[in-house]
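**Student:** As input, take coords-v4.txt (compact mmCIF, C-alpha atoms):
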```
# COMPACT_ATOMS: atom_id res chain seq x y z
CA MET A 1 -64.78 -50.02 45.20
CA SER A 2 -67.86 -48.06 46.28
CA ASN A 3 -65.65 -45.42 47.94
CA LEU A 4 -63.70 -44.96 44.69
CA SER A 5 -66.86 -44.60 42.61
CA GLY A 6 -68.29 -42.21 45.18
CA SER A 7 -65.15 -40.08 45.13
CA ARG A 8 -65.19 -40.06 41.35
CA GLY A 9 -68.80 -38.91 41.36
CA ILE A 10 -67.96 -36.07 43.74
CA VAL A 11 -65.09 -34.94 41.49
CA ILE A 12 -67.35 -35.01 38.42
CA LEU A 13 -70.06 -33.06 40.23
CA TYR A 14 -67.51 -30.51 41.49
CA ASN A 15 -66.13 -29.97 37.96
CA LYS A 16 -69.61 -29.55 36.49
CA VAL A 17 -70.65 -27.05 39.14
CA LYS A 18 -67.41 -25.15 38.54
CA LEU A 19 -68.06 -25.25 34.79
CA TYR A 20 -71.53 -23.74 35.12
CA LEU A 21 -70.34 -21.02 37.49
CA LEU A 22 -67.57 -20.13 35.04
CA ALA A 23 -70.13 -20.19 32.20
CA LEU A 24 -72.13 -17.56 34.09
CA LEU A 25 -68.99 -15.43 34.45
CA VAL A 26 -68.25 -15.82 30.74
CA ALA A 27 -71.85 -14.93 29.91
CA ALA A 28 -71.80 -11.72 31.93
CA SER A 29 -68.44 -10.62 30.47
CA CYS A 30 -69.37 -11.43 26.86
CA THR A 31 -72.79 -9.82 27.15
CA LEU A 32 -71.23 -6.51 28.14
CA LEU A 33 -68.49 -6.86 25.51
CA ALA A 34 -70.92 -7.59 22.67
CA ASP A 35 -73.43 -4.93 23.71
CA SER A 36 -70.79 -2.21 24.00
CA LEU A 37 -69.27 -3.08 20.61
CA LYS A 38 -72.71 -3.18 18.97
CA ARG A 39 -73.85 0.15 20.41
CA ILE A 40 -70.66 2.15 19.90
CA THR A 41 -70.10 0.82 16.37
CA SER A 42 -73.67 1.57 15.29
CA LEU A 43 -73.58 5.07 16.78
CA VAL A 44 -70.20 6.12 15.36
CA GLN A 45 -70.83 4.50 11.97
CA ASP A 46 -74.11 6.32 11.49
CA LEU A 47 -72.74 9.69 12.63
CA LEU A 48 -69.61 9.46 10.49
CA PHE A 49 -71.47 8.26 7.40
CA GLU A 50 -74.27 10.83 7.61
CA HIS A 51 -71.86 13.74 8.22
CA THR A 52 -69.51 12.68 5.43
CA GLU A 53 -72.21 11.97 2.84
CA ARG A 54 -73.94 15.28 3.56
CA ASN A 55 -70.89 17.57 3.71
CA LEU A 56 -67.85 15.91 2.09
CA PRO A 57 -69.05 12.95 -0.03
CA TRP A 58 -65.71 12.59 -1.82
CA LEU A 59 -64.17 11.55 1.51
CA LEU A 60 -66.08 8.28 1.22
CA ILE A 61 -63.32 7.14 -1.15
CA ILE A 62 -60.59 7.37 1.46
CA LEU A 63 -62.44 6.52 4.68
CA PRO A 64 -61.99 2.74 4.26
CA SER A 65 -58.25 3.37 3.76
CA VAL A 66 -58.17 5.29 7.04
CA GLY A 67 -59.82 2.45 8.92
CA ILE A 68 -57.73 -0.37 7.45
CA THR A 69 -54.52 1.65 7.84
CA ILE A 70 -55.29 2.12 11.55
CA ILE A 71 -55.86 -1.64 11.78
CA TYR A 72 -52.55 -2.31 10.04
CA PHE A 73 -50.64 -0.20 12.55
CA THR A 74 -52.48 -1.62 15.57
CA ARG A 75 -51.59 -5.12 14.38
CA LYS A 76 -48.00 -4.14 13.72
CA TYR A 77 -47.22 -2.22 16.90
CA LEU A 78 -49.93 -2.96 19.46
CA PHE A 79 -50.38 -6.66 18.71
CA LYS A 80 -46.85 -7.39 17.45
CA LYS A 81 -47.76 -8.39 13.88
CA LYS A 82 -50.04 -11.19 15.06
CA GLN A 83 -52.65 -11.92 12.43
CA ASN A 84 -56.35 -12.59 12.99
CA LYS A 85 -57.74 -15.65 11.21
CA GLY A 86 -61.37 -15.26 12.22
CA ILE A 87 -63.49 -18.25 13.18
CA LYS A 88 -60.79 -20.66 11.99
CA GLU A 89 -58.88 -19.69 15.15
CA ILE A 90 -61.73 -21.04 17.24
CA TYR A 91 -61.70 -24.36 15.37
CA GLU A 92 -57.96 -24.71 15.89
CA THR A 93 -58.37 -24.04 19.61
CA ILE A 94 -61.17 -26.59 20.00
CA ALA A 95 -59.34 -29.22 17.93
CA GLY A 96 -56.13 -29.28 20.00
CA ARG A 97 -55.65 -29.51 23.74
CA LYS A 98 -52.56 -27.32 23.63
CA GLN A 99 -54.08 -24.79 21.22
CA MET A 100 -55.44 -21.70 22.93
CA LEU A 101 -57.08 -18.45 21.88
CA PRO A 102 -54.79 -15.91 23.58
CA ALA A 103 -56.35 -13.10 25.59
CA TYR A 104 -55.05 -10.42 23.20
CA LYS A 105 -57.65 -11.66 20.68
CA ILE A 106 -60.30 -9.94 22.78
CA PRO A 107 -59.07 -6.34 22.29
CA SER A 108 -57.65 -7.16 18.86
CA HIS A 109 -60.97 -8.21 17.32
CA TYR A 110 -62.93 -5.64 19.30
CA ILE A 111 -60.76 -2.73 18.13
CA ASN A 112 -60.23 -3.93 14.58
CA GLY A 113 -63.88 -4.83 14.04
CA PHE A 114 -64.88 -1.38 15.27
CA PHE A 115 -62.45 0.52 13.02
CA THR A 116 -63.28 -1.62 9.99
CA VAL A 117 -67.01 -0.91 10.10
CA ILE A 118 -67.14 2.74 11.24
CA PHE A 119 -64.86 3.81 8.38
CA GLY A 120 -66.99 2.03 5.80
CA GLY A 121 -65.35 -1.39 5.48
CA SER A 122 -68.19 -3.32 3.91
CA THR A 123 -68.59 -6.08 6.47
CA GLY A 124 -69.97 -6.34 10.02
CA ILE A 125 -68.93 -6.79 13.65
CA GLU A 126 -70.50 -10.26 13.99
CA VAL A 127 -67.38 -12.36 13.38
CA SER A 128 -65.24 -9.93 15.38
CA THR A 129 -67.69 -10.38 18.25
CA VAL A 130 -67.73 -14.17 17.89
CA VAL A 131 -63.94 -14.50 18.05
CA ALA A 132 -63.59 -11.97 20.88
CA THR A 133 -66.25 -13.72 22.99
CA ALA A 134 -64.72 -17.12 22.20
CA ALA A 135 -61.39 -15.76 23.43
CA VAL A 136 -63.10 -14.67 26.67
CA GLY A 137 -64.35 -18.22 27.13
CA ALA A 138 -60.92 -19.70 26.41
CA SER A 139 -59.23 -17.26 28.81
CA VAL A 140 -61.69 -18.01 31.62
CA HIS A 141 -61.14 -21.73 31.00
CA LYS A 142 -57.41 -21.24 31.43
CA LYS A 143 -57.48 -18.83 34.38
CA GLY A 144 -60.34 -20.60 36.12
CA ASN A 145 -58.55 -23.94 36.07
CA ALA A 146 -61.58 -25.68 34.58
CA ALA A 147 -61.24 -29.30 33.51
CA ILE A 148 -59.46 -29.64 30.16
CA MET A 149 -62.48 -31.37 28.66
CA TYR A 150 -64.64 -28.26 29.21
CA LYS A 151 -62.77 -25.83 26.97
CA THR A 152 -65.35 -26.14 24.19
CA GLU A 153 -68.16 -25.53 26.67
CA LEU A 154 -66.77 -22.19 27.82
CA ILE A 155 -65.90 -21.07 24.30
CA CYS A 156 -69.45 -21.87 23.18
CA ALA A 157 -70.85 -20.08 26.23
CA GLY A 158 -69.03 -16.90 25.18
CA VAL A 159 -70.20 -17.15 21.58
CA ALA A 160 -73.81 -17.86 22.61
CA ALA A 161 -73.91 -14.68 24.70
CA GLY A 162 -72.38 -12.62 21.89
CA ILE A 163 -74.82 -13.76 19.19
CA THR A 164 -77.77 -13.43 21.58
CA VAL A 165 -76.90 -9.78 22.19
CA LEU A 166 -76.23 -8.92 18.54
CA PHE A 167 -79.56 -10.30 17.27
CA ALA A 168 -81.70 -10.36 20.44
CA SER A 169 -82.24 -14.09 19.95
CA PRO A 170 -81.10 -16.57 22.61
CA VAL A 171 -82.16 -19.50 20.42
CA ALA A 172 -79.95 -18.24 17.58
CA GLY A 173 -77.07 -17.82 20.04
CA ILE A 174 -77.43 -21.41 21.28
CA LEU A 175 -77.85 -22.89 17.80
CA PHE A 176 -74.92 -20.98 16.32
CA SER A 177 -72.67 -22.24 19.12
CA LEU A 178 -73.78 -25.83 18.53
CA GLU A 179 -74.15 -25.80 14.74
CA VAL A 180 -71.17 -23.70 13.68
CA ILE A 181 -68.70 -23.62 16.59
CA ALA A 182 -68.91 -26.94 18.47
CA LYS A 183 -70.42 -28.91 15.56
CA LYS A 184 -71.71 -31.39 18.12
CA VAL A 185 -74.12 -31.58 21.04
CA SER A 186 -73.40 -32.82 24.55
CA ARG A 187 -75.20 -32.23 27.83
CA THR A 188 -72.50 -29.94 29.17
CA ILE A 189 -72.20 -27.91 25.96
CA LEU A 190 -75.96 -27.54 25.75
CA ALA A 191 -76.29 -26.57 29.42
CA SER A 192 -73.42 -24.04 29.20
CA THR A 193 -74.83 -22.33 26.10
CA ILE A 194 -78.37 -22.23 27.52
CA LEU A 195 -77.08 -20.65 30.75
CA SER A 196 -75.05 -18.09 28.84
CA ALA A 197 -77.78 -17.20 26.35
CA GLY A 198 -80.21 -16.90 29.26
CA VAL A 199 -77.98 -14.39 31.03
CA ALA A 200 -77.64 -12.36 27.82
CA TRP A 201 -81.40 -12.46 27.25
CA LEU A 202 -82.12 -11.29 30.81
CA TYR A 203 -79.70 -8.40 30.25
CA LEU A 204 -81.48 -7.41 27.03
CA TYR A 205 -84.83 -7.63 28.80
CA TRP A 206 -83.50 -5.28 31.45
CA VAL A 207 -81.83 -2.69 29.19
CA GLY A 208 -84.20 -3.10 26.25
CA SER A 209 -83.46 -4.06 22.65
CA ALA A 210 -84.81 -3.05 19.25
CA TYR A 211 -85.35 -5.02 16.06
CA LEU A 212 -82.60 -4.70 13.48
CA PHE A 213 -85.23 -3.86 10.83
CA ASN A 214 -88.49 -2.32 12.02
CA PHE A 215 -90.80 -3.52 9.22
CA ALA A 216 -93.72 -5.68 10.29
CA ILE A 217 -94.04 -9.08 8.64
CA GLN A 218 -97.43 -9.94 7.17
CA PRO A 219 -99.31 -13.28 7.03
CA TRP A 220 -98.32 -15.41 4.07
CA HIS A 221 -100.31 -17.54 1.62
CA TRP A 222 -99.66 -21.08 0.43
CA HIS A 223 -99.55 -20.04 -3.24
CA ALA A 224 -96.23 -18.29 -2.46
CA LEU A 225 -94.41 -21.51 -1.43
CA PRO A 226 -92.88 -22.21 -4.89
CA TYR A 227 -91.58 -18.66 -4.96
CA PHE A 228 -89.95 -19.07 -1.52
CA LEU A 229 -88.28 -22.27 -2.75
CA LEU A 230 -87.00 -20.60 -5.91
CA LEU A 231 -85.66 -17.68 -3.85
CA GLY A 232 -83.78 -20.18 -1.66
CA ILE A 233 -82.09 -21.63 -4.74
CA LEU A 234 -81.09 -18.19 -6.00
CA CYS A 235 -79.70 -17.27 -2.58
CA ALA A 236 -77.63 -20.46 -2.60
CA LEU A 237 -76.01 -19.53 -5.91
CA VAL A 238 -75.22 -15.98 -4.72
CA ALA A 239 -73.81 -17.39 -1.47
CA VAL A 240 -71.45 -19.68 -3.40
CA TYR A 241 -70.41 -16.69 -5.50
CA PHE A 242 -69.73 -14.79 -2.27
CA THR A 243 -67.71 -17.63 -0.72
CA LYS A 244 -65.54 -18.10 -3.79
CA THR A 245 -65.06 -14.34 -4.13
CA VAL A 246 -63.76 -14.12 -0.55
CA ILE A 247 -61.39 -17.07 -1.03
CA ILE A 248 -60.02 -15.84 -4.35
CA THR A 249 -59.70 -12.21 -3.20
CA LYS A 250 -57.79 -13.22 -0.08
CA ALA A 251 -55.51 -15.40 -2.20
CA LEU A 252 -54.82 -12.52 -4.58
CA PHE A 253 -54.09 -10.04 -1.80
CA SER A 254 -51.84 -12.50 0.03
CA LYS A 255 -49.53 -12.40 -3.00
CA ILE A 256 -49.04 -8.63 -2.67
CA SER A 257 -45.87 -8.22 -0.61
CA ASN A 258 -46.01 -4.42 -0.39
CA ASN A 259 -48.14 -3.57 2.65
CA PHE A 260 -49.00 -0.07 1.43
CA ILE A 261 -50.30 -1.37 -1.90
CA ARG A 262 -52.19 -4.27 -0.31
CA VAL A 263 -53.97 -2.09 2.24
CA ASN A 264 -54.81 0.82 -0.03
CA LEU A 265 -55.64 -1.07 -3.22
CA GLY A 266 -58.51 -2.92 -1.61
CA ALA A 267 -59.60 -0.01 0.59
CA VAL A 268 -59.66 2.56 -2.24
CA LEU A 269 -61.67 0.19 -4.45
CA VAL A 270 -64.13 -0.21 -1.59
CA GLY A 271 -64.25 3.59 -1.20
CA ILE A 272 -64.98 4.12 -4.91
CA ALA A 273 -67.80 1.58 -4.73
CA ILE A 274 -69.24 3.34 -1.66
CA LEU A 275 -69.08 6.74 -3.38
CA CYS A 276 -71.09 5.31 -6.28
CA LEU A 277 -73.41 3.26 -4.04
CA PRO A 278 -73.51 4.68 -0.50
CA TYR A 279 -75.73 1.76 0.57
CA LEU A 280 -72.52 -0.32 0.70
CA TYR A 281 -71.05 1.66 3.60
CA GLY A 282 -70.15 -0.44 6.63
CA ASP A 283 -72.50 -3.27 7.56
CA SER A 284 -75.12 -1.82 5.14
CA TYR A 285 -77.98 -2.35 7.59
CA HIS A 286 -78.83 1.35 7.23
CA GLY A 287 -78.87 0.91 3.45
CA LEU A 288 -81.19 -2.08 3.65
CA ASN A 289 -83.58 -0.12 5.87
CA SER A 290 -83.62 2.65 3.26
CA ILE A 291 -84.23 0.17 0.42
CA LEU A 292 -87.13 -1.43 2.31
CA GLU A 293 -88.68 1.99 2.80
CA GLN A 294 -88.33 2.76 -0.92
CA SER A 295 -89.58 -0.62 -2.15
CA GLY A 296 -93.22 0.41 -1.79
CA GLN A 297 -92.82 3.55 -3.90
CA MET A 298 -90.19 2.35 -6.40
CA GLY A 299 -91.19 -1.29 -6.73
CA THR A 300 -92.12 -0.92 -10.41
CA SER A 301 -89.11 1.15 -11.48
CA TYR A 302 -86.51 -0.58 -13.66
CA SER A 303 -83.85 1.75 -12.27
CA PHE A 304 -84.77 0.38 -8.83
CA TYR A 305 -84.32 -3.19 -10.10
CA PHE A 306 -80.93 -2.30 -11.56
CA LEU A 307 -79.88 -0.74 -8.24
CA LEU A 308 -80.89 -3.89 -6.34
CA LEU A 309 -79.08 -6.18 -8.80
CA ALA A 310 -75.94 -4.03 -8.60
CA LEU A 311 -75.99 -4.15 -4.79
CA VAL A 312 -76.51 -7.93 -4.72
CA LEU A 313 -73.52 -8.49 -7.01
CA ILE A 314 -71.20 -5.78 -5.66
CA LYS A 315 -71.75 -6.16 -1.89
CA PRO A 316 -69.97 -9.57 -1.80
CA LEU A 317 -67.12 -8.11 -3.85
CA VAL A 318 -66.56 -5.06 -1.64
CA ALA A 319 -66.84 -7.24 1.48
CA SER A 320 -64.17 -9.51 0.00
CA LEU A 321 -61.96 -6.52 -0.82
CA THR A 322 -62.37 -5.25 2.74
CA LEU A 323 -61.22 -8.59 4.15
CA GLY A 324 -58.45 -9.00 1.58
CA ALA A 325 -57.05 -5.57 2.40
CA GLY A 326 -56.85 -6.46 6.08
CA GLY A 327 -60.21 -5.48 7.52
CA ASP A 328 -61.68 -7.44 10.41
CA GLY A 329 -65.02 -9.12 9.82
CA GLY A 330 -66.78 -11.90 8.00
CA VAL A 331 -69.76 -12.89 5.88
CA PHE A 332 -72.55 -12.56 8.46
CA ALA A 333 -73.79 -9.00 7.78
CA PRO A 334 -73.10 -9.07 4.00
CA SER A 335 -75.05 -12.34 3.71
CA ILE A 336 -78.07 -10.97 5.57
CA VAL A 337 -78.05 -7.78 3.51
CA CYS A 338 -77.48 -9.49 0.14
CA GLY A 339 -80.16 -12.09 0.81
CA ALA A 340 -82.70 -9.44 1.82
CA LEU A 341 -81.91 -7.34 -1.27
CA LEU A 342 -82.24 -10.39 -3.50
CA GLY A 343 -85.58 -11.17 -1.86
CA ILE A 344 -86.83 -7.63 -2.54
CA LEU A 345 -85.65 -7.81 -6.17
CA PHE A 346 -87.16 -11.26 -6.72
CA ALA A 347 -90.56 -10.43 -5.21
CA SER A 348 -90.80 -7.06 -6.98
CA LEU A 349 -89.99 -8.58 -10.37
CA CYS A 350 -92.46 -11.43 -9.86
CA ASN A 351 -95.17 -8.95 -8.91
CA GLN A 352 -94.58 -6.81 -12.01
CA LEU A 353 -93.93 -9.54 -14.59
CA LEU A 354 -96.15 -12.36 -13.27
CA ASN A 355 -98.72 -10.40 -11.24
CA ALA A 356 -97.85 -12.74 -8.35
CA HIS A 357 -99.04 -10.47 -5.48
CA LEU A 358 -96.04 -11.38 -3.31
CA ILE A 359 -95.41 -9.53 -0.02
CA VAL A 360 -92.02 -7.89 -0.56
CA VAL A 361 -90.98 -7.54 3.09
CA ASN A 362 -91.67 -11.25 3.68
CA PHE A 363 -89.36 -12.18 0.83
CA ALA A 364 -86.70 -9.83 2.17
CA LEU A 365 -86.68 -11.75 5.45
CA VAL A 366 -86.71 -15.18 3.79
CA GLY A 367 -83.88 -14.06 1.51
CA ALA A 368 -81.81 -12.91 4.50
CA ALA A 369 -82.27 -16.29 6.20
CA ALA A 370 -81.61 -18.32 3.05
CA MET A 371 -78.44 -16.44 2.12
CA LEU A 372 -77.04 -16.69 5.65
CA SER A 373 -77.88 -20.39 5.81
CA ALA A 374 -76.12 -21.03 2.50
CA ALA A 375 -73.09 -18.90 3.40
CA ILE A 376 -72.32 -20.52 6.76
CA HIS A 377 -74.08 -23.90 6.24
CA ALA A 378 -76.19 -23.38 9.36
CA PRO A 379 -79.91 -23.53 8.52
CA PHE A 380 -81.18 -23.83 12.10
CA THR A 381 -79.22 -20.77 13.18
CA ALA A 382 -80.43 -18.82 10.14
CA ILE A 383 -84.09 -19.72 10.75
CA PHE A 384 -84.27 -18.56 14.35
CA LEU A 385 -81.99 -15.58 13.79
CA ALA A 386 -84.18 -14.37 10.91
CA CYS A 387 -87.31 -14.67 13.05
CA SER A 388 -85.79 -12.07 15.40
CA LEU A 389 -84.78 -9.54 12.72
CA MET A 390 -88.23 -8.01 12.19
CA PRO A 391 -91.44 -7.73 14.24
CA GLY A 392 -93.61 -10.82 13.66
CA GLY A 393 -90.84 -12.74 11.95
CA SER A 394 -92.09 -16.06 13.34
CA ILE A 395 -95.32 -15.63 11.32
CA ILE A 396 -93.42 -16.84 8.26
CA PHE A 397 -91.45 -19.55 10.08
CA ILE A 398 -92.36 -22.19 7.45
CA PRO A 399 -91.24 -20.08 4.44
CA ILE A 400 -88.05 -19.15 6.30
CA ALA A 401 -87.36 -22.83 6.97
CA ILE A 402 -88.03 -23.76 3.33
CA GLY A 403 -85.73 -21.04 2.06
CA SER A 404 -82.98 -21.84 4.59
CA PHE A 405 -82.88 -25.61 4.07
CA SER A 406 -83.14 -25.43 0.28
CA ALA A 407 -80.39 -22.78 0.14
CA LYS A 408 -78.05 -24.74 2.40
CA TYR A 409 -78.61 -27.95 0.42
CA ILE A 410 -77.97 -26.35 -2.98
CA ALA A 411 -74.96 -24.37 -1.72
CA SER A 412 -73.29 -27.40 -0.09
CA LYS A 413 -73.82 -29.47 -3.24
CA THR A 414 -72.45 -26.70 -5.46
CA PHE A 415 -69.42 -25.92 -3.27
CA GLN A 416 -68.87 -27.95 -0.13
CA TYR A 417 -66.90 -25.31 1.80
CA THR A 418 -67.74 -22.10 3.64
CA VAL A 419 -65.23 -19.33 4.29
CA TYR A 420 -64.92 -20.82 7.79
CA SER A 421 -64.22 -24.40 6.73
CA TYR A 422 -62.15 -23.89 3.57
CA LYS A 423 -58.66 -25.34 4.01
CA GLY A 424 -57.68 -26.61 0.59
CA LYS A 425 -55.37 -25.00 -1.91
CA SER A 426 -57.26 -25.91 -5.08
CA LEU A 427 -58.66 -22.44 -5.78
CA GLN A 428 -55.38 -20.75 -4.93
CA MET A 429 -53.50 -23.16 -7.19
CA GLN A 430 -55.92 -22.53 -10.05
CA LEU A 431 -55.55 -18.80 -9.46
CA ALA A 432 -51.74 -19.07 -9.47
CA ARG A 433 -51.85 -20.89 -12.82
CA ILE A 434 -54.11 -18.22 -14.32
CA ILE A 435 -51.80 -15.42 -13.10
CA ALA A 436 -48.75 -17.28 -14.46
CA ARG A 437 -50.38 -17.66 -17.90
CA ILE A 438 -51.24 -13.96 -18.00
CA LYS A 439 -47.75 -12.98 -16.86
CA TYR A 440 -45.85 -15.09 -19.36
CA SER A 441 -48.22 -15.04 -22.33
```
Before we go any further, please render this structure as structure tokens.
**Tutor:**
Amino acid sequence: MSNLSGSRGIVILYNKVKLYLLALLVAASCTLLADSLKRITSLVQDLLFEHTERNLPWLLIILPSVGITIIYFTRKYLFKKKQNKGIKEIYETIAGRKQMLPAYKIPSHYINGFFTVIFGGSTGIEVSTVVATAAVGASVHKKGNAAIMYKTELICAGVAAGITVLFASPVAGILFSLEVIAKKVSRTILASTILSAGVAWLYLYWVGSAYLFNFAIQPWHWHALPYFLLLGILCALVAVYFTKTVIITKALFSKISNNFIRVNLGAVLVGIAILCLPYLYGDSYHGLNSILEQSGQMGTSYSFYFLLLALVLIKPLVASLTLGAGGDGGVFAPSIVCGALLGILFASLCNQLLNAHLIVVNFALVGAAAMLSAAIHAPFTAIFLACSLMPGGSIIFIPIAIGSFSAKYIASKTFQYTVYSYKGKSLQMQLARIIARIKYS
């Protein structure tokens, strides 16, 4: 009996050691994948946008069509009409032993995420990176002959490395893998994600990394707490609006059988919006940086308030149109941008109307965290990710936590689904009834 238990212990130890070695391999591969996609997308997006806006601004209308048309043909001919479902593909793979993220998902999401964003598709590369790195983990699990039970561990290891690189936050990478992807915690999952995030963090330490937004956070005051709480509630409502907009838009576009119309209808609408509001181009991080720079000079201008309100309401719509037309991406970047813009608008209005003396940049960061938390129902991820977005972000850890938890609570009570978890047909059925009434009235 002791020999059997000893042999079993050796087998378990062997499988765990193999798991952690494979996790290191996944981490190294996904770190390079995520870093290359981040750098090349940012570089090409900025160059293309600046050149077009300066010399041929009318081209902004058709650039999204160019990007999504390229994606359509790559899916049709290069990837044999195989569709990308985003993070839902990861859930399906984790849920079933026989389900597997095929290796083609790595180049598919990498290429399509790149072309979506550089040509102005109003989303980001975050979800493309998450699915591509998850596919790396799944492929290594299959090729490395790891124990069946460790598939989730290697998928989470890939995702942890990807998020760590994108936001220079190993804690956010670990928490996103646990909170959003695995939705559970075990010793092996935790160990695999920590190893992977550690490798990605060491890489960033070696090559260097910059903050996404280079605006220093300032110390906060207790009198601002009610305002942070109210901002969290507002972010929750906008996040629910965003989630429902994505679901309804995708349902509408799925009913368009003509591929040319489906691709170009959404893309041209996105292009028109970008021509009117260039801040909407691509992931909009450049636009948010510009807005933050202007907020000090234009904080009392009603035209500035109108611009912010328009961006908060239209960014979710153009992101939804991008996804409905066939672009590759998700709600990560639009949520961060919308939340920050709402925070700027809220703080600026309170300062002018109530003489509240709120620090605008602090509210921008809290808004980004709250909106992301409400959009993906992941407050812990949002808190630590937000702390890494700007220098000194951890100074306002408590306001970020208040905004994130209040936003997630209100959003989940208002609408229990995210774009990742929505499976039901209720909204589509309601939409079908509305269309039928219009058609036959």
**Student:** Could you please determine the separation between atom CA of Glu126 of chain A and atom CA of Leu33 of chain A in Å, to one decimal place?
**Tutor:**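 For atom CA of Glu126 of chain A relative to atom CA of Leu33 of chain A, the distance reads 12.2 Å.
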**Student:** So that I can check the surroundings of segment 219-224 of chain A, please list as a list in words every protein, DNA and RNA residue that reaches within 7 Å of it, counting all atoms listed in the file and ignoring chain neighbours fewer than 3 positions away.
**Tutor:**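 Within the cut-off, the hits are Tyr227, Phe228, Leu358, Ile395 and Ile396 of chain A.
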**Student:** Smallest atom-to-atom distance to Pro399 of chain A: which of A:Leu353, A:Leu231, A:Ile256, A:Leu317, using all atoms listed in the file?
**Tutor:** A:Leu231
**Student:** For Phe215 of chain A, list every protein, DNA or RNA residue within 10 Å, evaluated using only C-alpha atoms, and leave out those in the same chain fewer than 2 positions away; present the list as an NGL selection string.
**Tutor:** :A and (211-213 or 217-218 or 289 or 292-293 or 361-362 or 365 or 389-393)
**Student:** Show me, as a ChimeraX atom specification, the residues that have an atom within 8 Å of Ile383 of chain A when counting all atoms listed in the file, minus same-chain residues fewer than 3 positions from it.
**Tutor:** /A:369,373,379-380,386-387,397,400-401,404
**Student:** Closest to Gly330 of chain A among A:Gly137, A:Gly86, A:Gly158, A:Gly232, using only C-alpha atoms?
**Tutor:**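 For Gly330 of chain A, the nearest of the given residues is A:Gly86.
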**Student:** Which of these, A:Gln99, A:Ser406, A:Thr193, A:Thr243, has the shortest distance to Tyr420 of chain A once you count all atoms listed in the file?
**Tutor:**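 Closest candidate: A:Thr243.
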**Student:** Given 5 Å of margin on each side, can you work out the centre and size in Å (one decimal) of an axis-aligned box holding every listed atom of segment 76-95 of chain A, as AutoDock Vina command-line options?
**Tutor:**
```
--center_x -55.2 --center_y -15.7 --center_z 15.6 --size_x 26.6 --size_y 37.0 --size_z 18.8
```
**Student:** Just to confirm, what's the straight-line distance from atom CA of Gln416 of chain A to atom CA of Ile376 of chain A in Å (one decimal)?
**Tutor:**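 These atoms are spaced 10.7 Å apart.
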**Student:** For a test of reading the model, state the distance in Å between atom CA of Ile189 of chain A and atom CA of Val140 of chain A, rounded to one decimal.
**Tutor:**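 Computing it gives 15.5 Å between the two atoms.
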**Student:** Hey, what's within 12 Å of Tyr110 of chain A if we count only C-alpha atoms and toss same-chain stuff fewer than 3 positions away? As a VMD selection string, please?
**Tutor:** chain A and resid 30 33 to 38 40 to 41 71 74 84 103 to 107 113 to 117 124 to 136 328 to 329
**Student:** Name the closest residue to Ala382 of chain A among the candidates A:Ala368, A:Cys350, A:Ala161, A:Leu230; distances are taken between atoms, counting only C-alpha atoms.
**Tutor:**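 Among the listed residues, A:Ala368 lies closest to Ala382 of chain A.
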**Student:** Kindly output segment 328-335 of chain A as a PDB file, in the coordinates of the input, after building N, CA, C and O atoms.
**Tutor:**
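Generated file (result11.pdb):
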```pdb
ATOM      1  N   ASP A 328     -61.261  -6.398   9.478  1.00  0.00           N
ATOM      2  CA  ASP A 328     -61.680  -7.440  10.410  1.00  0.00           C
ATOM      3  C   ASP A 328     -63.183  -7.649  10.264  1.00  0.00           C
ATOM      4  O   ASP A 328     -63.953  -6.704  10.420  1.00  0.00           O
ATOM      5  N   GLY A 329     -63.597  -8.852   9.985  1.00  0.00           N
ATOM      6  CA  GLY A 329     -65.020  -9.120   9.820  1.00  0.00           C
ATOM      7  C   GLY A 329     -65.240 -10.437   9.130  1.00  0.00           C
ATOM      8  O   GLY A 329     -64.344 -11.270   9.048  1.00  0.00           O
ATOM      9  N   GLY A 330     -66.450 -10.638   8.643  1.00  0.00           N
ATOM     10  CA  GLY A 330     -66.780 -11.900   8.000  1.00  0.00           C
ATOM     11  C   GLY A 330     -67.957 -11.753   7.065  1.00  0.00           C
ATOM     12  O   GLY A 330     -68.214 -10.673   6.534  1.00  0.00           O
ATOM     13  N   VAL A 331     -68.699 -12.849   6.885  1.00  0.00           N
ATOM     14  CA  VAL A 331     -69.760 -12.890   5.880  1.00  0.00           C
ATOM     15  C   VAL A 331     -71.154 -12.762   6.481  1.00  0.00           C
ATOM     16  O   VAL A 331     -72.151 -12.804   5.765  1.00  0.00           O
ATOM     17  N   PHE A 332     -71.249 -12.590   7.786  1.00  0.00           N
ATOM     18  CA  PHE A 332     -72.550 -12.560   8.460  1.00  0.00           C
ATOM     19  C   PHE A 332     -73.419 -11.418   7.940  1.00  0.00           C
ATOM     20  O   PHE A 332     -74.484 -11.644   7.354  1.00  0.00           O
ATOM     21  N   ALA A 333     -72.998 -10.167   8.191  1.00  0.00           N
ATOM     22  CA  ALA A 333     -73.790  -9.000   7.780  1.00  0.00           C
ATOM     23  C   ALA A 333     -73.971  -8.931   6.261  1.00  0.00           C
ATOM     24  O   ALA A 333     -75.090  -8.708   5.783  1.00  0.00           O
ATOM     25  N   PRO A 334     -72.899  -9.110   5.454  1.00  0.00           N
ATOM     26  CA  PRO A 334     -73.100  -9.070   4.000  1.00  0.00           C
ATOM     27  C   PRO A 334     -74.090 -10.116   3.506  1.00  0.00           C
ATOM     28  O   PRO A 334     -74.851  -9.851   2.579  1.00  0.00           O
ATOM     29  N   SER A 335     -74.103 -11.298   4.133  1.00  0.00           N
ATOM     30  CA  SER A 335     -75.050 -12.340   3.710  1.00  0.00           C
ATOM     31  C   SER A 335     -76.484 -11.939   4.014  1.00  0.00           C
ATOM     32  O   SER A 335     -77.386 -12.109   3.179  1.00  0.00           O
TER      33      SER A 335
END
```
